[in-house]
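Beneath this line is the structure, given in C-alpha cells, with notes to follow.
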Amino acid sequence: MKNSLRHIFVIAGNTFTEAIRQKVLYVLVVFCLIMLGGSSFYTQFDFRGDDFKFMKDLAYAAISVIGLLVSLLGAAMLIPAELEKRTIYTLLSKPVRKFEFIVGKYLGLVLLLTLFVTLMAGIFMLAVWGHESSLTAGILKASQGHPTEFQQQMINEFRAGAYDPAMWQALVLIWAKLCLVTVISVLFSTVASSTVFIVSCTLFIYLIGHLQSVARDFWFSQSGGASWLTTAFLAAVSLFIPDFQTFNLIDEIISGNPVLWQNTWHILLYSAVYTVIALAVSALLFENREL
Amino acid sequence: MKYWLSALALIVIWGLGKVCWENRLAAERRVIMVGQDLPMNYQLRDSLGQGFTMAALGGFRGLAADSLWFTLTTAWEDQEWERVQAMAEMCVLLQPRVTFYWDMGAWNLAWNASVAVENAPLEKGKIDRRKHDSMMWIEAGRDLLERGIRVIPERPILYQRLGDLYWQRLGEYEQAAEYYKEALKRPKAPLYLERFVGFALEKAGKNREAYEYWKQLWQSSKEHPEQSQHRWDVIEDHIRKLEGDMKIPAEQRFFQKEVR
C-alpha cells in the first residue's frame, strides 16, 4: 500500500513536470491572460456595474475553456505519448502496476489543473479588485471625499461585488468540472492511442453531458409511449454520461443567487465518487490492453 | 474480456446509483434557481423550451447573454427599438435570474424608446401616433419589469424601477409609492427609498397620508440601524412643509420642542 502510494506520487510528479514543459500550455496560459485582461473592457457595457457581471462572465468562461483545453490536451497527449515513445515499457517493467500508472497520470494532471486555476483565479481577483478600486476612487474624487447617500450605496455595491466570497465557490466548481473532464479523457486514453480520437470523444461526452439532465428527465417521465430504442438511448446517456449541468451553479453565483457551500460540497462529493469509479474503469480497461 | 465485462458492470451499477444522485442534485439546483423544486410536468415543458437552449449552451450561458447585450447596445445606438426589445427578451430568457437584464431592458424600452418616439418629427400626411407609440413602449417596459418581479421576487431593485416607471413615465405617484414600499420590504433595499415613498405620496396629492407617513418614518427611524445615514433634515422639512400646507394649528404640530 505504502509502495503503491509512493509509485503513484512519483508518476504524478513526473507527469506534472512533463506537462509544464509543454510549450502549448504556455500558449494557452497567454491566451487566458489576454482574455482576463480583456474582461476589463467588458465593464463599459455594464452600466450599473455593481456586480461586475460582465467581467466575471468572461473570466469564468476563459478559465473554463482554456482549462478544458489544458485538461484535454494533457490527458490526450501524455498517455499516448508514453506508448508511442515506448517509455511505458521501462516504467511497467519495474514493480509498477498499471492502475498506479493511470492514477499517477491523473493526479499529475489534476495538479497541473490546480496550478492553472489558482494562477488564473489570482489574476482575475486582482483585475476585479483593481477595477473596484478605480471605480470607488472615481466616486470619492468626484464627491471630494464626502459621497452622497446614493454614491455611498454604489460604493457598497461595488465592494460587495468585488469581494463576494461566492467567487471562490464558482472557481472551485470550475476546477471540479475540469477534473471530471480530465478523468474522462484519461479513460479514453486507456483504450485509444490517437490524440484526435481521445480529444473528440471527450468533447463529445462534454457536450452531451450538458444535455444529460434533459435525457434523464425524459427517461424518468416515460410511461410506455416511447419505443425501446428511444428508451435504450436515453438510459444509456443517463447511465454512462455525467451531468455537467450540475456544475452550472456558477451561473447562479454570478446572478447573485445565494448558493450554500453545502451545495458545493455535495457537487464535489459527486465529482470525487465519479472520478474514483472512472479511474477504476480506466484501470480495468488498461489491464486488458496489450502493450 | 473479463476486464471489459467487469468495467461494464461497474459502469452500469454506478450509473443506476448516479442517476438518483443526479436527480437530487438537480432538485437542489432548481431550488436555488427558482426557490422551489418544480413538479416533473413543468420540468419537461421547461426542458423542451428554454431549458434545452440553456443546457445546450453548457457553461457559457452568461457569455451568450452578454454577447446579445452588446448587440442590444448597438441597436440602442442605432435607435432600432424593436431589435432592442427582441435582444432584451433573449437576454432574460437565457439568464432569467439576472436583474440587470430586466432592469436595463425595461429602461431602454420605457425611457429611451418611448422618449425617442415622442420626440420623433411628425411625417407629413401621416396620423400623429407618437403618443400612442410612446405609451406602447412604456407598457412594454412595465411588462418586462412585472415579469422580472415574478422571476426574482426577493430583490428590491425591480420594485424600485417599477416605482420609478410609475412616477417618471406614467405619472401615477400613488402606485409608485406602493412599489417603493414593496421594495423596502426586501433585504438590502436602499435607505433613500423610505423618503421616496413620502415624496410620491405628496406628488399624488395625498398630503394627509404623506404627513402621517413622514411622522411615522421620523419615529421609526430612531430605532433604525443605519440612522446616522438618514437625511433627518429632509424628513423634518417635509413634515414642517405639510403642516404649513394643511394649516395644522401650532399646538398640534409635530415639532414643538423636539428638534434633532
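Lettering and numbering for the C-alpha cells are positional, with chains as A, B, ... in the shown order, residues counted from 1 in each chain, and ligands counted from 1 in the shown order.
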
> Near B:Glu174, within 7 Å and counting only C-alpha atoms, which residues show up once chain neighbours fewer than 2 positions away are dropped, as a PyMOL selection string?
Replying inline: chain B and resi 172+176-178+200-201+204

Generate the output file for the selected residues, all heavy atoms, as a PDB file, in the first residue's frame.
ATOM      1  N   GLU B 172     -48.173  58.145 -12.235  1.00  0.00           N
ATOM      2  CA  GLU B 172     -49.081  57.542 -11.241  1.00  0.00           C
ATOM      3  C   GLU B 172     -48.309  57.404  -9.920  1.00  0.00           C
ATOM      4  O   GLU B 172     -47.702  56.375  -9.641  1.00  0.00           O
ATOM      5  CB  GLU B 172     -49.580  56.178 -11.744  1.00  0.00           C
ATOM      6  CG  GLU B 172     -50.464  56.308 -12.964  1.00  0.00           C
ATOM      7  CD  GLU B 172     -50.927  54.951 -13.501  1.00  0.00           C
ATOM      8  OE1 GLU B 172     -50.978  53.980 -12.721  1.00  0.00           O
ATOM      9  OE2 GLU B 172     -51.212  54.882 -14.702  1.00  0.00           O
ATOM     10  N   ALA B 176     -46.593  54.411  -7.578  1.00  0.00           N
ATOM     11  CA  ALA B 176     -45.134  54.438  -7.383  1.00  0.00           C
ATOM     12  C   ALA B 176     -44.816  54.226  -5.903  1.00  0.00           C
ATOM     13  O   ALA B 176     -43.925  53.425  -5.569  1.00  0.00           O
ATOM     14  CB  ALA B 176     -44.574  55.775  -7.860  1.00  0.00           C
ATOM     15  N   ALA B 177     -45.571  54.926  -5.036  1.00  0.00           N
ATOM     16  CA  ALA B 177     -45.335  54.784  -3.586  1.00  0.00           C
ATOM     17  C   ALA B 177     -45.520  53.333  -3.156  1.00  0.00           C
ATOM     18  O   ALA B 177     -44.746  52.800  -2.343  1.00  0.00           O
ATOM     19  CB  ALA B 177     -46.291  55.696  -2.817  1.00  0.00           C
ATOM     20  N   GLU B 178     -46.519  52.671  -3.722  1.00  0.00           N
ATOM     21  CA  GLU B 178     -46.782  51.269  -3.366  1.00  0.00           C
ATOM     22  C   GLU B 178     -45.592  50.386  -3.726  1.00  0.00           C
ATOM     23  O   GLU B 178     -45.196  49.512  -2.958  1.00  0.00           O
ATOM     24  CB  GLU B 178     -48.037  50.759  -4.113  1.00  0.00           C
ATOM     25  CG  GLU B 178     -49.346  51.277  -3.563  1.00  0.00           C
ATOM     26  CD  GLU B 178     -49.501  51.044  -2.062  1.00  0.00           C
ATOM     27  OE1 GLU B 178     -49.235  49.916  -1.615  1.00  0.00           O
ATOM     28  OE2 GLU B 178     -49.851  52.011  -1.356  1.00  0.00           O
ATOM     29  N   ALA B 200     -43.505  60.493  -3.140  1.00  0.00           N
ATOM     30  CA  ALA B 200     -44.528  60.025  -4.093  1.00  0.00           C
ATOM     31  C   ALA B 200     -45.931  60.329  -3.578  1.00  0.00           C
ATOM     32  O   ALA B 200     -46.798  60.757  -4.355  1.00  0.00           O
ATOM     33  CB  ALA B 200     -44.359  58.532  -4.346  1.00  0.00           C
ATOM     34  N   LEU B 201     -46.137  60.116  -2.292  1.00  0.00           N
ATOM     35  CA  LEU B 201     -47.462  60.398  -1.720  1.00  0.00           C
ATOM     36  C   LEU B 201     -47.785  61.886  -1.830  1.00  0.00           C
ATOM     37  O   LEU B 201     -48.918  62.277  -2.144  1.00  0.00           O
ATOM     38  CB  LEU B 201     -47.524  59.934  -0.262  1.00  0.00           C
ATOM     39  CG  LEU B 201     -47.567  58.416  -0.051  1.00  0.00           C
ATOM     40  CD1 LEU B 201     -47.416  58.061   1.418  1.00  0.00           C
ATOM     41  CD2 LEU B 201     -48.872  57.823  -0.603  1.00  0.00           C
ATOM     42  N   ALA B 204     -48.711  62.701  -5.290  1.00  0.00           N
ATOM     43  CA  ALA B 204     -50.048  62.190  -5.609  1.00  0.00           C
ATOM     44  C   ALA B 204     -51.141  63.057  -4.987  1.00  0.00           C
ATOM     45  O   ALA B 204     -52.328  62.815  -5.205  1.00  0.00           O
ATOM     46  CB  ALA B 204     -50.173  60.751  -5.119  1.00  0.00           C
TER      47      ALA B 204
END

>> For a quick test of understanding: name the residues of chain A lying within 8 Å of chain B when counting only C-alpha atoms, and present them as a ChimeraX atom specification.
In response: /A:45,48,54,57-58,61,149-150,153,207,210-211,213-214,216-218,221,238-240,243-246,248-252,255-259,263,266-267,270,277,280-281,284-285,287-288

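The space separating atom CA of B:Ile157 from atom CA of B:Tyr179 comes to 10.3 Å.
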
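Residues within 10 Å of stretch 254-256 of chain B, counting only C-alpha atoms and excluding same-chain residues fewer than 3 positions away, are Tyr211, Lys215, Glu236, Ile239, Arg240, Glu243, Ile248, Ala250, Glu251, Val259 and Arg260 of chain B.
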
Write to file, as a PDB file, in the first residue's frame, the residues of the selection just made, with N, CA, C and O atoms.
ATOM      1  N   TYR B 211     -48.174  63.069   5.345  1.00  0.00           N
ATOM      2  CA  TYR B 211     -47.836  63.643   6.650  1.00  0.00           C
ATOM      3  C   TYR B 211     -47.701  62.531   7.698  1.00  0.00           C
ATOM      4  O   TYR B 211     -46.724  62.488   8.449  1.00  0.00           O
ATOM      5  N   LYS B 215     -44.209  61.316   9.635  1.00  0.00           N
ATOM      6  CA  LYS B 215     -44.138  61.282  11.107  1.00  0.00           C
ATOM      7  C   LYS B 215     -43.729  59.884  11.581  1.00  0.00           C
ATOM      8  O   LYS B 215     -42.872  59.730  12.444  1.00  0.00           O
ATOM      9  N   GLU B 236     -37.636  66.254   8.292  1.00  0.00           N
ATOM     10  CA  GLU B 236     -38.146  67.367   9.115  1.00  0.00           C
ATOM     11  C   GLU B 236     -38.752  68.462   8.234  1.00  0.00           C
ATOM     12  O   GLU B 236     -39.860  68.946   8.498  1.00  0.00           O
ATOM     13  N   ILE B 239     -42.146  67.390   6.957  1.00  0.00           N
ATOM     14  CA  ILE B 239     -43.192  67.415   7.988  1.00  0.00           C
ATOM     15  C   ILE B 239     -43.646  68.866   8.210  1.00  0.00           C
ATOM     16  O   ILE B 239     -44.839  69.179   8.223  1.00  0.00           O
ATOM     17  N   ARG B 240     -42.675  69.784   8.329  1.00  0.00           N
ATOM     18  CA  ARG B 240     -42.997  71.208   8.572  1.00  0.00           C
ATOM     19  C   ARG B 240     -43.784  71.791   7.394  1.00  0.00           C
ATOM     20  O   ARG B 240     -44.735  72.524   7.578  1.00  0.00           O
ATOM     21  N   GLU B 243     -47.312  70.475   7.375  1.00  0.00           N
ATOM     22  CA  GLU B 243     -48.087  71.099   8.469  1.00  0.00           C
ATOM     23  C   GLU B 243     -48.539  72.490   8.058  1.00  0.00           C
ATOM     24  O   GLU B 243     -49.667  72.909   8.338  1.00  0.00           O
ATOM     25  N   ILE B 248     -52.125  73.084  10.013  1.00  0.00           N
ATOM     26  CA  ILE B 248     -52.272  72.400  11.303  1.00  0.00           C
ATOM     27  C   ILE B 248     -51.950  73.417  12.411  1.00  0.00           C
ATOM     28  O   ILE B 248     -50.919  74.114  12.337  1.00  0.00           O
ATOM     29  N   ALA B 250     -50.639  75.360  15.612  1.00  0.00           N
ATOM     30  CA  ALA B 250     -49.282  75.296  16.175  1.00  0.00           C
ATOM     31  C   ALA B 250     -49.172  74.284  17.313  1.00  0.00           C
ATOM     32  O   ALA B 250     -48.179  73.560  17.421  1.00  0.00           O
ATOM     33  N   GLU B 251     -50.214  74.225  18.159  1.00  0.00           N
ATOM     34  CA  GLU B 251     -50.122  73.333  19.334  1.00  0.00           C
ATOM     35  C   GLU B 251     -50.219  71.845  18.948  1.00  0.00           C
ATOM     36  O   GLU B 251     -49.834  70.972  19.722  1.00  0.00           O
ATOM     37  N   VAL B 259     -36.514  68.923  18.398  1.00  0.00           N
ATOM     38  CA  VAL B 259     -35.857  69.144  17.104  1.00  0.00           C
ATOM     39  C   VAL B 259     -34.488  68.486  17.195  1.00  0.00           C
ATOM     40  O   VAL B 259     -33.754  68.719  18.141  1.00  0.00           O
ATOM     41  N   ARG B 260     -34.180  67.647  16.215  1.00  0.00           N
ATOM     42  CA  ARG B 260     -32.896  66.924  16.257  1.00  0.00           C
ATOM     43  C   ARG B 260     -31.750  67.850  15.932  1.00  0.00           C
ATOM     44  O   ARG B 260     -31.852  68.657  15.032  1.00  0.00           O
TER      45      ARG B 260
END

> So which residues of stretch 17-127 of chain A fall under alpha helix (DSSP H) by DSSP, listed as a PyMOL selection string?
Replying inline: chain A and resi 17-20+23-42+53-84+87-93+98-127

Near A:Val196, counting only C-alpha atoms, which residues have an atom at most 12 Å away, once you skip same-chain residues fewer than 6 positions from it, shown as an mmCIF file with N, CA and C atoms, in the first residue's frame?
data_model
loop_
_atom_site.group_PDB
_atom_site.id
_atom_site.type_symbol
_atom_site.label_atom_id
_atom_site.label_comp_id
_atom_site.auth_asym_id
_atom_site.auth_seq_id
_atom_site.Cartn_x
_atom_site.Cartn_y
_atom_site.Cartn_z
ATOM 1 N N LEU A 72 -7.792 18.450 -21.677
ATOM 2 C CA LEU A 72 -7.936 17.553 -22.837
ATOM 3 C C LEU A 72 -6.581 17.205 -23.437
ATOM 4 N N LEU A 73 -5.810 18.259 -23.695
ATOM 5 C CA LEU A 73 -4.520 18.029 -24.343
ATOM 6 C C LEU A 73 -3.575 17.290 -23.416
ATOM 7 N N ALA A 75 -4.234 15.070 -20.993
ATOM 8 C CA ALA A 75 -4.519 13.630 -20.931
ATOM 9 C C ALA A 75 -4.331 12.967 -22.287
ATOM 10 N N ALA A 76 -4.766 13.642 -23.328
ATOM 11 C CA ALA A 76 -4.728 13.017 -24.656
ATOM 12 C C ALA A 76 -3.320 12.934 -25.227
ATOM 13 N N MET A 77 -2.427 13.796 -24.753
ATOM 14 C CA MET A 77 -1.071 13.792 -25.316
ATOM 15 C C MET A 77 -0.105 12.964 -24.475
ATOM 16 N N PRO A 80 -0.862 8.614 -24.521
ATOM 17 C CA PRO A 80 -0.458 8.015 -25.806
ATOM 18 C C PRO A 80 1.027 8.238 -26.118
ATOM 19 N N SER A 185 -11.149 11.953 -20.141
ATOM 20 C CA SER A 185 -10.086 11.947 -21.150
ATOM 21 C C SER A 185 -9.084 10.820 -20.851
ATOM 22 N N PHE A 188 -10.574 7.484 -21.882
ATOM 23 C CA PHE A 188 -10.467 7.217 -23.327
ATOM 24 C C PHE A 188 -9.028 6.897 -23.729
ATOM 25 N N SER A 189 -8.084 7.529 -23.048
ATOM 26 C CA SER A 189 -6.687 7.300 -23.439
ATOM 27 C C SER A 189 -6.213 5.900 -23.045
ATOM 28 N N THR A 202 -13.863 12.901 -25.852
ATOM 29 C CA THR A 202 -14.065 13.624 -24.582
ATOM 30 C C THR A 202 -14.939 14.858 -24.808
ATOM 31 N N LEU A 203 -14.681 15.573 -25.898
ATOM 32 C CA LEU A 203 -15.502 16.759 -26.198
ATOM 33 C C LEU A 203 -16.964 16.372 -26.429
ATOM 34 N N PHE A 204 -17.134 15.236 -27.086
ATOM 35 C CA PHE A 204 -18.465 14.716 -27.362
ATOM 36 C C PHE A 204 -19.208 14.439 -26.047
#

> Which residue gives the smallest distance to A:Asn156 among A:Ile11, A:Leu107, A:Leu135, A:Ala170, with only C-alpha atoms counted?
Replying inline: A:Leu135

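Minimum distance to B:Gly163 across B:Leu217, B:Ile138, B:Val92, B:Val197 (counting only C-alpha atoms) occurs at B:Val197.
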
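Those residues that approach A:Gly74 to within 10 Å, counting only C-alpha atoms, are Thr15, Phe16, Glu18, Ala19, Ile20, Gln22, Val24, Leu25, Leu68, Leu69, Ile79, Lys105, Tyr106, Gly108, Leu109, Val110, Leu112, Leu113, Thr182, Ser185 and Val186 of chain A; same-chain residues fewer than 5 positions away are not listed.
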